[in-house]
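Colleague: File start.cif below, mmCIF, C-alpha atoms:
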```cif
data_upload
loop_
_atom_site.group_PDB
_atom_site.id
_atom_site.type_symbol
_atom_site.label_atom_id
_atom_site.label_comp_id
_atom_site.auth_asym_id
_atom_site.auth_seq_id
_atom_site.Cartn_x
_atom_site.Cartn_y
_atom_site.Cartn_z
ATOM 1 C CA SER A 1 -17.552 6.087 -63.020
ATOM 2 C CA MET A 2 -19.901 3.338 -62.059
ATOM 3 C CA TYR A 3 -21.169 2.645 -58.580
ATOM 4 C CA ARG A 4 -23.701 0.386 -56.965
ATOM 5 C CA LYS A 5 -26.607 1.590 -54.939
ATOM 6 C CA LEU A 6 -27.421 -0.493 -51.850
ATOM 7 C CA ILE A 7 -31.127 -0.811 -51.303
ATOM 8 C CA ILE A 8 -32.193 -1.811 -47.771
ATOM 9 C CA PRO A 9 -35.655 -3.294 -47.448
ATOM 10 C CA GLU A 10 -37.912 -1.237 -45.178
ATOM 11 C CA ASN A 11 -39.299 -4.248 -43.323
ATOM 12 C CA LEU A 12 -35.910 -5.175 -41.733
ATOM 13 C CA HIS A 13 -35.898 -5.017 -37.921
ATOM 14 C CA PHE A 14 -32.654 -4.281 -36.098
ATOM 15 C CA ASN A 15 -32.176 -5.212 -32.440
ATOM 16 C CA CYS A 16 -31.102 -1.784 -31.304
ATOM 17 C CA GLY A 17 -34.041 -0.763 -29.146
ATOM 18 C CA PRO A 18 -33.705 0.281 -25.496
ATOM 19 C CA ARG A 19 -33.961 -3.272 -24.173
ATOM 20 C CA PHE A 20 -30.802 -4.298 -26.070
ATOM 21 C CA GLN A 21 -28.624 -1.379 -24.991
ATOM 22 C CA ASP A 22 -26.269 -1.434 -22.008
ATOM 23 C CA THR A 23 -26.662 -5.147 -21.384
ATOM 24 C CA PHE A 24 -23.288 -5.096 -19.658
ATOM 25 C CA ASP A 25 -23.939 -2.080 -17.437
ATOM 26 C CA GLU A 26 -21.948 -2.627 -14.231
ATOM 27 C CA ASP A 27 -24.252 -0.654 -11.953
ATOM 28 C CA GLU A 28 -27.368 -2.763 -12.529
ATOM 29 C CA GLU A 29 -28.439 -5.389 -10.008
ATOM 30 C CA GLU A 30 -25.801 -8.095 -9.835
ATOM 31 C CA GLU A 31 -24.404 -10.450 -7.256
ATOM 32 C CA GLU A 32 -22.207 -8.841 -4.645
ATOM 33 C CA ARG A 33 -18.477 -9.518 -4.912
ATOM 34 C CA GLU A 34 -15.801 -9.702 -2.224
ATOM 35 C CA LEU A 35 -14.787 -6.020 -2.136
ATOM 36 C CA ASP A 36 -18.115 -4.372 -2.928
ATOM 37 C CA ARG A 37 -18.738 -3.461 0.727
ATOM 38 C CA GLU A 38 -15.313 -1.797 0.971
ATOM 39 C CA MET A 39 -15.896 0.412 -2.076
ATOM 40 C CA VAL A 40 -17.278 3.922 -1.637
ATOM 41 C CA TYR A 41 -19.083 5.853 -4.362
ATOM 42 C CA GLU A 42 -17.936 9.489 -4.468
ATOM 43 C CA ASN A 43 -17.776 12.102 -7.238
ATOM 44 C CA ASP A 44 -19.309 9.795 -9.865
ATOM 45 C CA GLU A 45 -16.805 6.981 -9.351
ATOM 46 C CA TRP A 46 -16.046 4.018 -7.122
ATOM 47 C CA VAL A 47 -13.126 4.269 -4.707
ATOM 48 C CA LEU A 48 -11.308 1.385 -3.025
ATOM 49 C CA ARG A 49 -8.630 1.734 -0.356
ATOM 50 C CA LEU A 50 -6.296 -1.179 -1.083
ATOM 51 C CA PRO A 51 -3.861 -2.214 1.665
ATOM 52 C CA ILE A 52 -0.446 -2.472 -0.020
ATOM 53 C CA ALA A 53 2.792 -2.221 1.979
ATOM 54 C CA ALA A 54 4.708 0.994 1.257
ATOM 55 C CA VAL A 55 7.763 -1.002 0.073
ATOM 56 C CA PHE A 56 5.723 -2.128 -2.968
ATOM 57 C CA HIS A 57 4.714 1.383 -4.045
ATOM 58 C CA LYS A 58 7.932 1.850 -6.047
ATOM 59 C CA PHE A 59 7.117 -1.273 -8.088
ATOM 60 C CA ILE A 60 3.544 -0.115 -8.760
ATOM 61 C CA VAL A 61 4.715 3.316 -9.920
ATOM 62 C CA GLY A 62 7.768 1.980 -11.786
ATOM 63 C CA SER A 63 10.475 3.867 -13.624
ATOM 64 C CA ARG A 64 9.126 7.215 -14.877
ATOM 65 C CA ALA A 65 5.650 6.081 -13.693
ATOM 66 C CA ARG A 66 5.440 3.636 -16.605
ATOM 67 C CA ASN A 67 4.057 0.713 -14.565
ATOM 68 C CA LYS A 68 1.350 2.908 -13.054
ATOM 69 C CA GLN A 69 0.450 4.268 -16.478
ATOM 70 C CA LYS A 70 0.252 0.780 -17.987
ATOM 71 C CA LEU A 71 -1.858 -0.554 -15.108
ATOM 72 C CA GLU A 72 -4.239 2.395 -15.498
ATOM 73 C CA MET A 73 -4.496 1.947 -19.273
ATOM 74 C CA ASP A 74 -5.060 -1.818 -19.020
ATOM 75 C CA SER A 75 -7.688 -1.654 -16.278
ATOM 76 C CA GLY A 76 -9.375 1.709 -16.834
ATOM 77 C CA ALA A 77 -8.934 2.599 -13.143
ATOM 78 C CA ARG A 78 -6.857 5.438 -11.673
ATOM 79 C CA ILE A 79 -4.209 4.582 -9.077
ATOM 80 C CA LEU A 80 -3.440 7.073 -6.323
ATOM 81 C CA VAL A 81 -0.178 6.335 -4.524
ATOM 82 C CA PRO A 82 0.731 8.359 -1.398
ATOM 83 C CA HIS A 83 3.986 10.341 -1.391
ATOM 84 C CA ARG A 84 7.106 8.569 -0.109
ATOM 85 C CA GLU A 85 7.286 10.808 2.943
ATOM 86 C CA GLU A 86 3.845 9.695 4.095
ATOM 87 C CA GLN A 87 4.826 5.992 4.290
ATOM 88 C CA GLN A 88 1.207 4.788 4.148
ATOM 89 C CA ASP A 89 0.634 1.084 3.673
ATOM 90 C CA CYS A 90 -2.187 1.540 1.176
ATOM 91 C CA ILE A 91 -3.099 2.900 -2.244
ATOM 92 C CA TRP A 92 -6.435 4.062 -3.665
ATOM 93 C CA LEU A 93 -8.102 2.816 -6.842
ATOM 94 C CA ARG A 94 -10.745 4.994 -8.512
ATOM 95 C CA ALA A 95 -12.941 4.023 -11.461
ATOM 96 C CA ARG A 96 -16.408 4.537 -12.906
ATOM 97 C CA GLN A 97 -17.114 0.798 -12.864
ATOM 98 C CA LYS A 98 -16.409 -1.747 -10.146
ATOM 99 C CA ASN A 99 -15.021 -4.282 -12.605
ATOM 100 C CA GLN A 100 -12.252 -1.807 -13.514
ATOM 101 C CA ILE A 101 -11.222 -1.704 -9.855
ATOM 102 C CA TYR A 102 -11.279 -5.505 -9.613
ATOM 103 C CA SER A 103 -9.133 -5.725 -12.747
ATOM 104 C CA CYS A 104 -6.611 -3.179 -11.457
ATOM 105 C CA LYS A 105 -6.455 -4.861 -8.037
ATOM 106 C CA ALA A 106 -5.721 -8.251 -9.607
ATOM 107 C CA GLN A 107 -2.949 -6.800 -11.794
ATOM 108 C CA ILE A 108 -1.379 -4.994 -8.823
ATOM 109 C CA GLU A 109 -1.448 -8.154 -6.704
ATOM 110 C CA LEU A 110 0.275 -10.117 -9.478
ATOM 111 C CA LEU A 111 2.894 -7.385 -9.865
ATOM 112 C CA CYS A 112 3.605 -7.292 -6.113
ATOM 113 C CA GLU A 113 3.847 -11.072 -5.961
ATOM 114 C CA LYS A 114 6.394 -11.037 -8.794
ATOM 115 C CA GLU A 115 8.430 -8.170 -7.333
ATOM 116 C CA GLU A 116 8.483 -9.545 -3.772
ATOM 117 C CA ALA A 117 11.584 -11.584 -4.597
ATOM 118 C CA LYS A 118 13.503 -8.331 -5.235
ATOM 119 C CA LEU A 119 12.941 -7.070 -1.691
ATOM 120 C CA GLU A 120 15.819 -7.274 0.772
ATOM 121 C CA TYR A 121 15.425 -9.363 3.896
ATOM 122 C CA THR A 122 15.160 -7.127 6.939
ATOM 123 C CA HIS A 123 14.872 -9.604 9.808
ATOM 124 C CA PHE A 124 16.246 -12.937 10.939
ATOM 125 C CA LEU A 125 14.117 -15.069 13.221
ATOM 126 C CA SER A 126 15.631 -17.737 15.426
ATOM 127 C CA ILE A 127 13.305 -20.043 17.324
ATOM 128 C CA PRO A 128 14.846 -22.503 19.771
ATOM 129 C CA LEU A 129 13.391 -25.917 18.952
ATOM 130 C CA ALA A 130 16.066 -28.141 20.472
ATOM 131 C CA TYR A 131 14.517 -28.741 23.913
ATOM 132 C CA ASP A 132 13.788 -32.376 23.138
ATOM 133 C CA ALA A 133 16.810 -34.714 23.049
ATOM 134 C CA ARG A 134 15.167 -36.953 20.393
ATOM 135 C CA PHE A 135 14.550 -33.916 18.182
ATOM 136 C CA ARG A 136 18.203 -32.788 18.528
ATOM 137 C CA GLN A 137 19.331 -36.285 17.550
ATOM 138 C CA ARG A 138 17.135 -36.237 14.431
ATOM 139 C CA VAL A 139 18.490 -32.803 13.451
ATOM 140 C CA ASP A 140 22.064 -34.099 13.806
ATOM 141 C CA GLU A 141 21.163 -37.120 11.625
ATOM 142 C CA PHE A 142 19.660 -34.807 8.998
ATOM 143 C CA ARG A 143 22.808 -32.641 8.984
ATOM 144 C CA GLU A 144 25.062 -35.694 8.566
ATOM 145 C CA ASN A 145 22.913 -37.055 5.718
ATOM 146 C CA VAL A 146 22.991 -33.726 3.857
ATOM 147 C CA VAL A 147 26.756 -33.286 4.325
ATOM 148 C CA LEU A 148 27.490 -36.880 3.266
ATOM 149 C CA GLN A 149 25.569 -36.429 0.008
ATOM 150 C CA HIS A 150 28.118 -33.773 -1.124
ATOM 151 C CA PHE A 151 25.715 -31.277 -2.685
ATOM 152 C CA ASP A 152 27.455 -28.381 -4.475
ATOM 153 C CA GLY A 153 28.111 -25.516 -2.079
ATOM 154 C CA ILE A 154 26.920 -27.387 1.002
ATOM 155 C CA ASP A 155 29.239 -28.447 3.772
ATOM 156 C CA ALA A 156 29.025 -28.759 7.556
ATOM 157 C CA SER A 157 29.865 -25.050 8.015
ATOM 158 C CA ILE A 158 26.374 -23.906 6.922
ATOM 159 C CA PHE A 159 24.707 -25.649 9.854
ATOM 160 C CA MET A 160 24.385 -24.195 13.344
ATOM 161 C CA PRO A 161 25.489 -26.592 16.067
ATOM 162 C CA SER A 162 22.587 -28.089 18.020
ATOM 163 C CA ARG A 163 22.869 -27.417 21.749
#
```
For this file, produce the structure as structure tokens.
Modeller:
Amino acid sequence: SMYRKLIIPENLHFNCGPRFQDTFDEDEEEEERELDREMVYENDEWVLRLPIAAVFHKFIVGSRARNKQKLEMDSGARILVPHREEQQDCIWLRARQKNQIYSCKAQIELLCEKEEAKLEYTHFLSIPLAYDARFRQRVDEFRENVVLQHFDGIDASIFMPSR
């Protein structure tokens, strides 16, 4: 069988010396970012305590820990979630590079923002605002305008009487 021999000229210079390696090394001097002061370096990795309400932990972990696994794979950081019994309003992110922690934090914040709509309401807040007679009159006018426009599912029964 025939084959070709590749001859490389000896005078070729490749840019693979020490000054071209690790140009993206995270630990070299760089500008400080928002969470850098909160990160601690222990056991050869960066650790960040991230305040996340305990009600969101189930969304971060996900069914059969799939969400947690995906977040860890995508970011390169490890996520440590406290046990349910502990009810701590935080999680810990661990990674060799700070940018992995920033990436994981951003993904977790997006996930929590998306899942917030699934949370049940736990409180109702009623603030009395009707001390001013003019204000009460304007509220009554608003109610009448809304009811008169006949929106689907809206009638006078959904409004509290102003007192």
Colleague: Here is a test: counting all atoms listed in the file, which residue of A:Pro128, A:Glu10, A:Ile79, A:Asn99 is nearest to A:Arg33?
Modeller: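 Closest to A:Arg33 of all the choices is A:Asn99.
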Colleague: What is the atom CA of A:Ala53 to atom CA of A:Gln97 distance in Å?
Modeller: 25.0 Å
Colleague: Atom CA of A:Arg78 and atom CA of A:Glu38, how far apart in Å?
Modeller: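 Separating atom CA of A:Glu38 from atom CA of A:Arg78 is a distance of 16.8 Å.
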Colleague: How far is it from atom CA of A:Asp74 to atom CA of A:Cys104, in Å with one decimal?
Modeller: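 For atom CA of A:Asp74 relative to atom CA of A:Cys104, the distance reads 7.8 Å.
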Colleague: Pick out the residues sitting within 12 Å of A:Cys112, and hand them over as number ranges by chain; count all atoms listed in the file, and ignore anything fewer than 6 positions along from it in its own chain.
Modeller: A: 51-62, 67, 105-106, 118-119
Colleague: Check the smallest atom-to-atom distance from each of A:Gln100, A:Ser63, A:Gln69, A:Gln137 to A:Trp46 using only C-alpha atoms, then report the winner.
Modeller: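 Of the candidates, the smallest distance to A:Trp46 is held by A:Gln100.
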Colleague: Find the spatial neighbours of A:Val47, counting all atoms listed in the file, within a cut-off of 8 Å - ignore same-chain residues fewer than 3 positions away - and output them as a list in words.
Modeller: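 Near neighbours after the sequence-gap exclusion: Met39, Val40, Tyr41, Glu42, Trp92, Leu93, Arg94 and Ala95 of chain A.
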Colleague: Could those residues be written to a file, using C-alpha atoms, as a PDB file, in the frame of the given file?
Modeller:
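The file below, part-v7.pdb, is the result:
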```
ATOM      1  CA  MET A  39     -15.896   0.412  -2.076  1.00  0.00           C
ATOM      2  CA  VAL A  40     -17.278   3.922  -1.637  1.00  0.00           C
ATOM      3  CA  TYR A  41     -19.083   5.853  -4.362  1.00  0.00           C
ATOM      4  CA  GLU A  42     -17.936   9.489  -4.468  1.00  0.00           C
ATOM      5  CA  TRP A  92      -6.435   4.062  -3.665  1.00  0.00           C
ATOM      6  CA  LEU A  93      -8.102   2.816  -6.842  1.00  0.00           C
ATOM      7  CA  ARG A  94     -10.745   4.994  -8.512  1.00  0.00           C
ATOM      8  CA  ALA A  95     -12.941   4.023 -11.461  1.00  0.00           C
TER       9      ALA A  95
END
```
Colleague: Using all atoms listed in the file, which of A:Glu115, A:Arg96, A:Ala156, A:Leu50 sits nearest A:Leu80?
Modeller: A:Leu50
Colleague: Under the rule that only C-alpha atoms are counted, which of A:Arg136, A:Arg84, A:His150, A:Arg49 is the nearest residue to A:Arg37?
Modeller: A:Arg49
